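Coordinates from data.cif are shown below (mmCIF, C-alpha atoms and all ligand atoms).
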```
data_structure
#
loop_
_atom_site.label_atom_id
_atom_site.label_comp_id
_atom_site.auth_asym_id
_atom_site.auth_seq_id
_atom_site.Cartn_x
_atom_site.Cartn_y
_atom_site.Cartn_z
CA MET Y 1 -3.78 110.82 143.09
CA LYS Y 2 -3.41 107.25 144.35
CA LYS Y 3 -3.40 105.96 140.75
CA LEU Y 4 -0.72 108.45 139.83
CA PHE Y 5 1.38 107.24 142.77
CA VAL Y 6 1.07 103.61 141.63
CA LEU Y 7 2.07 104.63 138.11
CA TYR Y 8 5.14 106.41 139.47
CA ARG Y 9 6.11 103.28 141.43
CA ILE Y 10 5.78 101.11 138.32
CA ILE Y 11 7.92 103.50 136.30
CA ILE Y 12 10.62 103.63 139.02
CA LEU Y 13 10.65 99.81 139.41
CA ALA Y 14 10.92 99.36 135.65
CA PHE Y 15 13.77 101.86 135.62
CA ILE Y 16 15.62 99.95 138.37
CA ALA Y 17 15.06 96.69 136.50
CA VAL Y 18 16.58 98.12 133.31
CA ILE Y 19 19.63 99.43 135.18
CA PHE Y 20 20.04 96.12 137.02
CA THR Y 21 19.89 93.97 133.88
CA GLY Y 22 22.40 96.31 132.29
CA CYS Y 23 24.84 95.75 135.18
CA VAL Y 24 24.50 91.97 135.04
CA ASN Y 25 25.17 92.00 131.32
CA ASN Y 26 28.33 94.00 131.75
CA ASN Y 27 29.81 91.71 134.35
CA ALA Y 28 28.98 88.30 132.99
CA PRO Y 29 27.21 87.87 129.70
CA ASN Y 30 24.18 85.59 129.93
CA ASN Y 31 22.53 83.23 127.50
CA ASN Y 32 20.96 86.00 125.49
CA SER Y 33 24.22 87.83 125.22
CA THR Y 34 25.03 89.33 121.86
CA VAL Y 35 28.73 88.38 122.06
CA THR Y 36 29.76 87.27 118.59
CA GLU Y 37 33.52 87.25 118.93
CA ILE Y 38 35.45 85.30 121.53
CA LYS Y 39 39.11 85.97 122.15
CA ILE Y 40 41.12 83.09 123.62
CA GLY Y 41 44.74 83.17 124.77
CA VAL Y 42 46.53 79.81 124.54
CA PHE Y 43 49.77 79.43 126.51
CA LEU Y 44 51.97 76.44 125.74
CA TYR Y 45 54.80 75.23 127.97
CA THR Y 46 56.75 74.83 124.72
CA LYS Y 47 55.81 74.48 121.08
CA ASP Y 48 58.71 72.09 120.69
CA ASP Y 49 56.73 69.01 121.82
CA THR Y 50 54.97 66.69 119.41
CA PHE Y 51 51.91 65.95 121.55
CA ILE Y 52 51.43 69.62 122.47
CA SER Y 53 51.71 70.83 118.88
CA THR Y 54 49.25 68.11 117.83
CA LEU Y 55 46.87 69.31 120.54
CA GLN Y 56 47.30 72.88 119.37
CA SER Y 57 46.47 72.13 115.73
CA ASN Y 58 43.40 70.24 116.95
CA LEU Y 59 42.39 73.31 118.98
CA GLU Y 60 42.43 75.37 115.80
CA LYS Y 61 40.36 72.75 113.98
CA ALA Y 62 37.83 72.55 116.82
CA ALA Y 63 37.55 76.36 116.88
CA ARG Y 64 36.96 76.59 113.12
CA ASN Y 65 34.22 73.94 113.33
CA LYS Y 66 32.59 75.69 116.27
CA GLU Y 67 32.57 78.98 114.37
CA ILE Y 68 30.53 77.30 111.67
CA SER Y 69 28.19 75.37 113.97
CA ASP Y 70 27.55 78.21 116.45
CA GLY Y 71 27.83 81.23 114.16
CA ILE Y 72 30.44 82.96 116.34
CA LYS Y 73 33.94 84.20 115.64
CA ILE Y 74 36.77 82.67 117.67
CA VAL Y 75 40.13 84.38 117.77
CA ILE Y 76 42.97 82.26 119.18
CA ASN Y 77 46.34 83.79 119.99
CA SER Y 78 49.03 81.32 121.03
CA PHE Y 79 52.11 81.99 123.11
CA ASP Y 80 55.21 79.81 123.43
CA GLY Y 81 56.55 79.61 126.99
CA LYS Y 82 59.76 78.00 125.68
CA GLY Y 83 60.11 76.07 128.91
CA SER Y 84 60.30 79.17 131.13
CA GLN Y 85 57.62 79.84 133.76
CA THR Y 86 58.87 83.41 134.15
CA ALA Y 87 58.39 84.04 130.44
CA GLN Y 88 54.95 82.38 130.54
CA ASN Y 89 53.85 84.48 133.52
CA GLU Y 90 54.77 87.65 131.63
CA GLN Y 91 52.74 86.48 128.62
CA ILE Y 92 49.75 85.65 130.83
CA TYR Y 93 49.84 88.87 132.84
CA LYS Y 94 50.06 90.95 129.67
CA CYS Y 95 46.98 89.22 128.26
CA LEU Y 96 45.09 89.74 131.52
CA GLU Y 97 45.41 93.47 130.89
CA GLN Y 98 43.89 93.04 127.46
CA ASP Y 99 40.40 92.04 126.34
CA TYR Y 100 40.78 88.24 126.44
CA ASP Y 101 37.61 86.33 127.35
CA VAL Y 102 39.37 83.13 128.47
CA LEU Y 103 42.94 81.96 129.02
CA CYS Y 104 43.85 78.33 128.23
CA ILE Y 105 47.05 77.49 130.04
CA ASN Y 106 49.50 74.62 129.63
CA LEU Y 107 51.72 75.54 132.58
CA VAL Y 108 55.48 75.20 132.38
CA ASP Y 109 55.62 74.38 136.10
CA ARG Y 110 52.36 72.83 137.23
CA THR Y 111 53.01 73.65 140.89
CA VAL Y 112 52.82 77.43 140.53
CA ALA Y 113 49.25 78.04 139.36
CA ALA Y 114 48.19 79.99 142.50
CA PRO Y 115 49.45 83.52 141.65
CA ILE Y 116 48.10 83.20 138.10
CA ILE Y 117 44.67 82.17 139.37
CA ASP Y 118 44.61 85.02 141.89
CA LYS Y 119 45.40 87.62 139.20
CA ALA Y 120 42.84 86.14 136.80
CA LYS Y 121 40.24 86.28 139.57
CA ILE Y 122 40.84 90.00 140.10
CA ASN Y 123 40.33 90.51 136.35
CA ASN Y 124 37.40 88.08 136.26
CA THR Y 125 39.02 86.19 133.36
CA PRO Y 126 38.26 82.44 133.56
CA ILE Y 127 41.04 79.87 133.05
CA VAL Y 128 41.10 76.45 131.43
CA PHE Y 129 44.33 74.65 132.37
CA PHE Y 130 45.24 71.67 130.23
CA ASN Y 131 47.70 68.77 129.97
CA ARG Y 132 49.91 69.84 132.90
CA GLU Y 133 47.66 69.44 135.89
CA PRO Y 134 47.83 72.01 138.69
CA VAL Y 135 47.41 70.75 142.24
CA LYS Y 136 43.83 70.50 143.46
CA GLU Y 137 44.22 73.14 146.19
CA ASP Y 138 45.27 75.68 143.56
CA LEU Y 139 42.39 74.84 141.23
CA GLU Y 140 40.01 75.35 144.13
CA ARG Y 141 41.09 78.96 144.71
CA TRP Y 142 38.36 80.22 142.38
CA ASP Y 143 35.29 78.67 140.80
CA ARG Y 144 35.99 79.90 137.25
CA VAL Y 145 39.03 77.61 136.91
CA TYR Y 146 38.95 74.26 135.07
CA TYR Y 147 41.28 71.48 133.96
CA VAL Y 148 41.10 69.44 130.75
CA GLY Y 149 43.30 66.36 130.58
CA ALA Y 150 43.37 62.62 131.02
CA PRO Y 151 43.66 60.16 133.93
CA ALA Y 152 47.43 59.54 133.85
CA SER Y 153 47.33 56.29 135.84
CA GLU Y 154 45.08 54.76 133.18
CA SER Y 155 47.72 55.31 130.47
CA GLY Y 156 50.27 53.48 132.65
CA GLU Y 157 47.86 50.60 133.21
CA MET Y 158 47.17 50.30 129.50
CA GLN Y 159 50.84 50.38 128.61
CA GLY Y 160 51.46 47.65 131.17
CA SER Y 161 48.56 45.60 129.76
CA ILE Y 162 50.08 45.69 126.29
CA ILE Y 163 53.18 43.97 127.71
CA VAL Y 164 51.09 41.54 129.78
CA ASP Y 165 49.02 40.54 126.74
CA MET Y 166 52.11 40.03 124.60
CA TYR Y 167 53.79 37.96 127.30
CA ASN Y 168 50.74 35.82 128.02
CA SER Y 169 49.90 35.21 124.37
CA GLY Y 170 53.17 33.30 124.05
CA LYS Y 171 53.44 34.48 120.44
CA TYR Y 172 56.33 36.81 121.12
CA ASN Y 173 59.70 35.90 122.50
CA ILE Y 174 59.85 38.82 124.95
CA ASP Y 175 61.85 36.99 127.61
CA LYS Y 176 64.75 36.51 125.23
CA ASN Y 177 67.18 35.01 127.73
CA GLY Y 178 64.47 32.75 129.15
CA ASP Y 179 65.19 33.59 132.82
CA GLY Y 180 61.51 34.10 133.62
CA LYS Y 181 61.97 37.85 134.15
CA LEU Y 182 61.65 40.84 131.87
CA GLN Y 183 64.80 42.95 131.83
CA TYR Y 184 63.57 46.49 131.16
CA VAL Y 185 64.59 50.12 130.81
CA MET Y 186 62.17 52.85 131.87
CA LEU Y 187 62.24 56.10 129.88
CA GLU Y 188 60.67 58.81 131.98
CA GLY Y 189 59.29 62.21 130.97
CA GLU Y 190 59.92 65.39 132.93
CA GLN Y 191 60.45 64.93 136.65
CA GLY Y 192 57.42 66.02 138.64
CA HIS Y 193 55.00 65.83 135.69
CA GLN Y 194 51.87 63.91 136.71
CA ASP Y 195 52.15 61.76 133.57
CA SER Y 196 55.76 60.73 134.27
CA LEU Y 197 55.05 59.78 137.85
CA LEU Y 198 51.82 57.89 137.29
CA ARG Y 199 52.66 56.20 133.99
CA THR Y 200 55.86 54.82 135.48
CA GLU Y 201 54.13 53.62 138.63
CA TYR Y 202 51.08 52.05 137.00
CA ALA Y 203 52.86 50.42 134.05
CA ILE Y 204 55.05 48.51 136.49
CA LYS Y 205 52.21 47.70 138.90
CA THR Y 206 50.06 46.33 136.10
CA ILE Y 207 52.78 43.99 134.88
CA THR Y 208 53.86 42.72 138.30
CA ASN Y 209 50.23 42.35 139.49
CA GLU Y 210 49.84 39.79 136.72
CA GLY Y 211 52.64 37.75 138.25
CA ILE Y 212 55.24 38.70 135.65
CA GLN Y 213 58.62 39.42 137.20
CA LEU Y 214 60.46 42.55 136.22
CA ASP Y 215 64.15 43.24 136.42
CA LYS Y 216 65.00 46.94 136.11
CA LEU Y 217 68.21 47.62 134.21
CA ALA Y 218 67.88 51.42 134.15
CA ASN Y 219 65.58 54.33 134.79
CA GLU Y 220 66.36 57.24 132.49
CA SER Y 221 64.76 60.66 132.32
CA ALA Y 222 64.62 62.17 128.84
CA ASN Y 223 62.13 65.03 129.39
CA TRP Y 224 59.69 63.79 126.71
CA GLN Y 225 62.35 64.48 124.07
CA ARG Y 226 63.27 62.16 121.22
CA SER Y 227 66.92 63.23 120.95
CA GLN Y 228 67.53 62.96 124.71
CA ALA Y 229 66.01 59.47 124.73
CA ALA Y 230 68.15 58.43 121.77
CA SER Y 231 71.35 59.34 123.59
CA LYS Y 232 70.19 57.72 126.86
CA ILE Y 233 69.28 54.48 125.07
CA SER Y 234 72.51 54.34 123.08
CA GLN Y 235 74.35 54.49 126.45
CA CYS Y 236 72.11 51.66 127.69
CA ILE Y 237 72.87 49.62 124.57
CA ASN Y 238 76.57 50.09 125.30
CA THR Y 239 76.11 48.97 128.90
CA PHE Y 240 73.51 46.20 128.62
CA GLY Y 241 73.71 45.17 124.97
CA ASP Y 242 71.25 42.47 124.09
CA ASP Y 243 70.02 42.10 127.69
CA ILE Y 244 67.37 44.78 127.21
CA GLU Y 245 64.09 42.97 126.57
CA VAL Y 246 61.55 45.75 127.10
CA ILE Y 247 61.61 49.55 126.93
CA LEU Y 248 58.71 51.26 128.69
CA SER Y 249 58.56 54.86 127.57
CA ASN Y 250 56.37 57.52 129.19
CA ASN Y 251 55.64 58.94 125.71
CA ASP Y 252 55.99 58.19 122.01
CA ASP Y 253 58.69 60.73 121.21
CA MET Y 254 61.07 59.07 123.66
CA ALA Y 255 60.08 55.63 122.32
CA LEU Y 256 60.97 56.91 118.84
CA GLY Y 257 64.29 58.13 120.25
CA ALA Y 258 64.94 54.59 121.52
CA ILE Y 259 64.21 53.22 118.03
CA ASP Y 260 66.58 55.85 116.57
CA ALA Y 261 69.33 54.61 118.90
CA TYR Y 262 68.93 50.99 117.73
CA LYS Y 263 68.90 52.07 114.10
CA ALA Y 264 72.03 54.17 114.65
CA GLU Y 265 73.79 51.13 116.15
CA GLY Y 266 72.70 49.08 113.16
CA ILE Y 267 70.81 46.64 115.41
CA GLU Y 268 67.84 45.13 113.62
CA LYS Y 269 66.30 43.00 116.36
CA LEU Y 270 64.72 45.57 118.67
CA PRO Y 271 63.42 44.93 122.18
CA VAL Y 272 59.70 45.33 122.82
CA ILE Y 273 59.19 49.11 122.91
CA VAL Y 274 55.96 50.78 124.05
CA GLY Y 275 55.01 54.47 124.22
CA VAL Y 276 52.06 56.74 124.97
CA ASP Y 277 50.30 59.45 122.86
CA CYS Y 278 49.71 57.78 119.46
CA THR Y 279 51.31 60.55 117.44
CA GLU Y 280 51.58 60.18 113.66
CA PRO Y 281 55.28 59.22 113.57
CA ALA Y 282 54.61 56.64 116.31
CA VAL Y 283 51.83 55.08 114.26
CA GLU Y 284 54.28 54.78 111.36
CA GLU Y 285 56.72 52.86 113.57
CA LEU Y 286 53.86 50.73 114.85
CA ARG Y 287 53.04 49.82 111.25
CA SER Y 288 56.66 49.03 110.48
CA GLY Y 289 56.86 46.78 113.54
CA ASN Y 290 59.49 48.73 115.50
CA LEU Y 291 57.01 49.97 118.10
CA ALA Y 292 55.02 47.24 119.81
CA GLY Y 293 52.26 49.48 121.13
CA THR Y 294 51.19 52.90 122.31
CA VAL Y 295 48.30 54.50 124.19
CA PHE Y 296 46.11 57.05 122.47
CA GLY Y 297 45.93 60.30 124.48
CA ASP Y 298 42.76 61.79 123.06
CA PHE Y 299 44.15 65.08 121.68
CA LYS Y 300 41.06 65.49 119.50
CA GLY Y 301 38.60 65.13 122.38
CA GLN Y 302 40.71 67.27 124.69
CA ALA Y 303 40.93 70.05 122.10
CA GLN Y 304 37.17 69.90 121.59
CA SER Y 305 36.53 70.18 125.33
CA ILE Y 306 38.95 73.09 125.71
CA ILE Y 307 37.10 75.01 122.98
CA ASP Y 308 33.61 74.05 124.21
CA LEU Y 309 34.49 75.00 127.77
CA SER Y 310 36.15 78.26 126.71
CA CYS Y 311 33.14 79.32 124.66
CA ALA Y 312 30.69 78.46 127.44
CA LEU Y 313 32.74 80.51 129.92
CA ALA Y 314 33.13 83.45 127.55
CA LEU Y 315 29.40 83.50 126.87
CA GLY Y 316 28.44 83.15 130.53
CA ARG Y 317 26.81 79.77 129.89
CA ASN Y 318 26.77 76.86 132.29
CA PRO Y 319 29.84 74.69 131.38
CA GLU Y 320 28.00 71.57 132.57
CA ASN Y 321 25.79 71.80 129.52
CA TYR Y 322 28.80 71.62 127.20
CA VAL Y 323 31.36 69.26 128.78
CA ASP Y 324 31.30 66.32 131.19
CA LEU Y 325 32.60 67.72 134.45
CA GLU Y 326 34.06 65.63 137.27
CA ASP Y 327 34.16 67.29 140.70
CA GLY Y 328 32.77 70.42 139.09
CA ARG Y 329 35.98 71.39 137.31
CA TYR Y 330 37.79 68.44 135.68
CA VAL Y 331 37.21 67.21 132.13
CA MET Y 332 39.04 63.89 131.78
CA HIS Y 333 39.28 62.07 128.45
CA PRO Y 334 39.88 58.32 128.60
CA TYR Y 335 42.89 56.71 126.92
CA ILE Y 336 42.84 53.82 124.44
CA ALA Y 337 45.54 51.12 124.24
CA VAL Y 338 46.74 50.77 120.65
CA THR Y 339 48.52 47.89 118.92
CA MET Y 340 48.43 46.59 115.37
CA ASP Y 341 45.41 44.53 116.43
CA ASN Y 342 43.11 47.51 116.87
CA LEU Y 343 44.85 50.33 115.00
CA TYR Y 344 42.48 49.95 112.06
CA LYS Y 345 39.50 50.71 114.35
CA LEU Y 346 40.79 54.13 115.33
CA GLU Y 347 40.04 57.07 113.14
CA LEU Y 348 43.28 58.97 113.58
CA LYS Y 349 43.65 61.89 111.26
C1 LIG Q 1 52.03 64.31 128.06
C2 LIG Q 1 52.44 63.70 126.74
C3 LIG Q 1 53.89 64.00 126.46
C4 LIG Q 1 54.16 65.48 126.59
C5 LIG Q 1 53.64 66.04 127.88
C6 LIG Q 1 53.80 67.52 127.95
O1 LIG Q 1 50.68 64.08 128.29
O2 LIG Q 1 52.25 62.30 126.78
O3 LIG Q 1 54.24 63.55 125.18
O4 LIG Q 1 53.54 66.14 125.52
O5 LIG Q 1 52.27 65.68 128.06
O6 LIG Q 1 53.23 68.07 129.10
CA CA Q 2 64.54 37.84 130.66
#
```
Turn this file's structure into structure tokens for me.
Ligand code: GAL
Ligand code: CA
Amino acid sequence: MKKLFVLYRIIILAFIAVIFTGCVNNNAPNNNSTVTEIKIGVFLYTKDDTFISTLQSNLEKAARNKEISDGIKIVINSFDGKGSQTAQNEQIYKCLEQDYDVLCINLVDRTVAAPIIDKAKINNTPIVFFNREPVKEDLERWDRVYYVGAPASESGEMQGSIIVDMYNSGKYNIDKNGDGKLQYVMLEGEQGHQDSLLRTEYAIKTITNEGIQLDKLANESANWQRSQAASKISQCINTFGDDIEVILSNNDDMALGAIDAYKAEGIEKLPVIVGVDCTEPAVEELRSGNLAGTVFGDFKGQAQSIIDLSCALALGRNPENYVDLEDGRYVMHPYIAVTMDNLYKLELK
């Protein structure tokens, strides 16, 4: 009788164990999960942005490679926010009602992540924000929220160092009028974007900290856009003419817009122009000598981390085993300063 009782207890315990494991599997797949298809929603602030579209094509490449290496299927559906947070919210909320495993979000307005995070939490759908960094307090609303990007201040420092190195080398006649100061125009990206604010601040700090005097002629915002920068710089050419010695641009597209403006005016002797991103068309202008330098924003590495992180989250694996996390939720890829001196060392495809 006693033996029979023990047997019953074993059977009941085993039964409970089976039910319990079943529950865990339903809520968050574990390492032994049999998930073979991962569905990722990618939300872009706009597709009409060179760096973002480069990042997106690298996401596709990283996903295809991961499918081969890990033997899983990765479905990526992309949505274009077209610069409207309202439109992007609708896209996100619709996907939250569907069977997406992870949402990768490039916010239109980086200050309004909170309601999105709260809804995702209710649905238990993890989020990987990228490129447009939400504020820390928002990211901390839930532990299944991450950010993949780059330390913006570093790109400003590197851009500033390119100018410092050129000035100090004495090989370039940057200070054209010889007044001991660099007359410059700052081309800024979108107002409020972490990259606009920090690149502007740190590029200037880096140059002045080296004892080089700056003389600001103008500060223009061109929203990362080539055509807007071209029209802003042609106005500057009309106002300041040959006085412009340096153009510091928060990104490459705007630097290319500045070059367009000089070409349109038929001016051959360009000021020293520097950008950030290292996009393909910027590299072409670097080679042709119109762009003095740029800073590589590691779109390849960022895309890889977004995919690695997304897959780990979808499969219920520990993200720390797949990406280098700072403060438990940030993946930050370092920048690289690029001039003709080191371009050949970079494998940019
Ligand atoms: C920056 C990049 C810009 C623009 C912006 C969009 O990191 O340098 O070119 O793409 O992101 O958020
Ligand atoms: Ca000068």
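Each of Y:Ile117, Y:Leu59, Y:Ala312, Y:Ala282 was checked against ligand LIG 1 (chain Q) using all atoms listed in the file; the smallest atom-to-atom distance is that of Y:Ala282.
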Contacts of Y:Ser305 at 10 Å (only C-alpha atoms; same-chain gap of 5+ positions) as number ranges by chain = Y: 59, 62, 128, 147-149, 299-300, 310-311, 322-324, 331-333
- List all protein, DNA and RNA residues that have an atom no more than 12 Å from any atom of ligand CA 2 (chain Q), counting only C-alpha atoms and all ligand atoms, and report them as a list in words. Tyr167, Asn173, Ile174, Asp175, Lys176, Asn177, Gly178, Asp179, Gly180, Lys181, Leu182, Gln183, Tyr184, Ile212, Gln213, Leu214, Asp215, Lys216, Leu217, Asp242, Asp243, Ile244, Glu245, Val246, Pro271 and Val272 of chain Y
File of the preceding selection, C-alpha atoms, as a PDB file, keeping the file's coordinate frame:
```
ATOM      1  CA  TYR Y 167      53.790  37.960 127.300  1.00  0.00           C
ATOM      2  CA  ASN Y 173      59.700  35.900 122.500  1.00  0.00           C
ATOM      3  CA  ILE Y 174      59.850  38.820 124.950  1.00  0.00           C
ATOM      4  CA  ASP Y 175      61.850  36.990 127.610  1.00  0.00           C
ATOM      5  CA  LYS Y 176      64.750  36.510 125.230  1.00  0.00           C
ATOM      6  CA  ASN Y 177      67.180  35.010 127.730  1.00  0.00           C
ATOM      7  CA  GLY Y 178      64.470  32.750 129.150  1.00  0.00           C
ATOM      8  CA  ASP Y 179      65.190  33.590 132.820  1.00  0.00           C
ATOM      9  CA  GLY Y 180      61.510  34.100 133.620  1.00  0.00           C
ATOM     10  CA  LYS Y 181      61.970  37.850 134.150  1.00  0.00           C
ATOM     11  CA  LEU Y 182      61.650  40.840 131.870  1.00  0.00           C
ATOM     12  CA  GLN Y 183      64.800  42.950 131.830  1.00  0.00           C
ATOM     13  CA  TYR Y 184      63.570  46.490 131.160  1.00  0.00           C
ATOM     14  CA  ILE Y 212      55.240  38.700 135.650  1.00  0.00           C
ATOM     15  CA  GLN Y 213      58.620  39.420 137.200  1.00  0.00           C
ATOM     16  CA  LEU Y 214      60.460  42.550 136.220  1.00  0.00           C
ATOM     17  CA  ASP Y 215      64.150  43.240 136.420  1.00  0.00           C
ATOM     18  CA  LYS Y 216      65.000  46.940 136.110  1.00  0.00           C
ATOM     19  CA  LEU Y 217      68.210  47.620 134.210  1.00  0.00           C
ATOM     20  CA  ASP Y 242      71.250  42.470 124.090  1.00  0.00           C
ATOM     21  CA  ASP Y 243      70.020  42.100 127.690  1.00  0.00           C
ATOM     22  CA  ILE Y 244      67.370  44.780 127.210  1.00  0.00           C
ATOM     23  CA  GLU Y 245      64.090  42.970 126.570  1.00  0.00           C
ATOM     24  CA  VAL Y 246      61.550  45.750 127.100  1.00  0.00           C
ATOM     25  CA  PRO Y 271      63.420  44.930 122.180  1.00  0.00           C
ATOM     26  CA  VAL Y 272      59.700  45.330 122.820  1.00  0.00           C
TER      27      VAL Y 272
END
```
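Near ligand LIG 1 (chain Q), at distances of 8 Å or less and with only C-alpha atoms and all ligand atoms counted, sit the residues Tyr45, Asp49, Thr50, Phe51, Ile52, Asn106, Asn131, Arg132, Ala150, Ala152, Gly189, His193, Asp195, Trp224, Asn250, Asn251, Asp252, Asp253, Val276, Asp277 and Gly297 of chain Y.
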Exercise for review: With a distance cut-off of 10 Å and all atoms listed in the file, select the neighbouring residues of Y:Ile162, excluding the residue or stretch itself and same-chain residues fewer than 6 positions from it, and output the selection as a PyMOL selection string.
Suggested key: chain Y and resi 203+206-207+274+292-295+337-339
The selected residues should be written to file as a compact mmCIF listing (two decimals), in the frame of the given file (atoms: C-alpha atoms).
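Below you can see out-v4.txt, which holds the result:
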```
# COMPACT_ATOMS: atom_id res chain seq x y z
CA ALA Y 203 52.86 50.42 134.05
CA THR Y 206 50.06 46.33 136.10
CA ILE Y 207 52.78 43.99 134.88
CA VAL Y 274 55.96 50.78 124.05
CA ALA Y 292 55.02 47.24 119.81
CA GLY Y 293 52.26 49.48 121.13
CA THR Y 294 51.19 52.90 122.31
CA VAL Y 295 48.30 54.50 124.19
CA ALA Y 337 45.54 51.12 124.24
CA VAL Y 338 46.74 50.77 120.65
CA THR Y 339 48.52 47.89 118.92
```
If you count only C-alpha atoms, the residue of Y:Asn123, Y:Gln194, Y:Asn168, Y:Thr36 closest to Y:Asp109 turns out to be Y:Gln194
Would you kindly return, as a list in words, each protein, DNA or RNA residue with an atom no farther than 7 Å from any atom of Y:Ala218, considering only C-alpha atoms and excluding same-chain residues fewer than 2 positions away? Val185, Met186, Lys216 and Glu220 of chain Y
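Residues surrounding Y:Lys73 within 10 Å are Val35, Thr36, Glu37, Ile38, Lys39, Ala63, Arg64, Lys66, Glu67, Ile68, Asp70, Gly71, Val75 and Ile76 of chain Y [only C-alpha atoms; sequence separation below 2 positions excluded].
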*asked:* So that I can check the surroundings of Y:Thr125, please list as a PyMOL selection string every protein, DNA and RNA residue that reaches within 7 Å of it, counting all atoms listed in the file and ignoring chain neighbours fewer than 3 positions away.
replied: chain Y and resi 101-102+120-121
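Going from atom CA of Y:Ser249 to atom CA of Y:Gly275 covers 4.9 Å.
For the residues Y:Ile92, Y:Leu286, Y:Ala113, Y:Ala222, ranking by smallest atom-to-atom distance to Y:Val42 using all atoms listed in the file places Y:Ile92 first.
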Between atom CA of Y:Ser78 and atom CA of Y:Lys47 lies a distance of 9.6 Å
Grab all the atoms of stretch 270-288 of chain Y that the file lists, wrap them in a box along x, y and z, add 6 Å per side, and give me centre plus edge lengths in Å (one decimal) as lines of an AutoDock Vina configuration file.
```
center_x = 57.2
center_y = 52.7
center_z = 117.7
size_x = 27.0
size_y = 27.6
size_z = 26.5
```
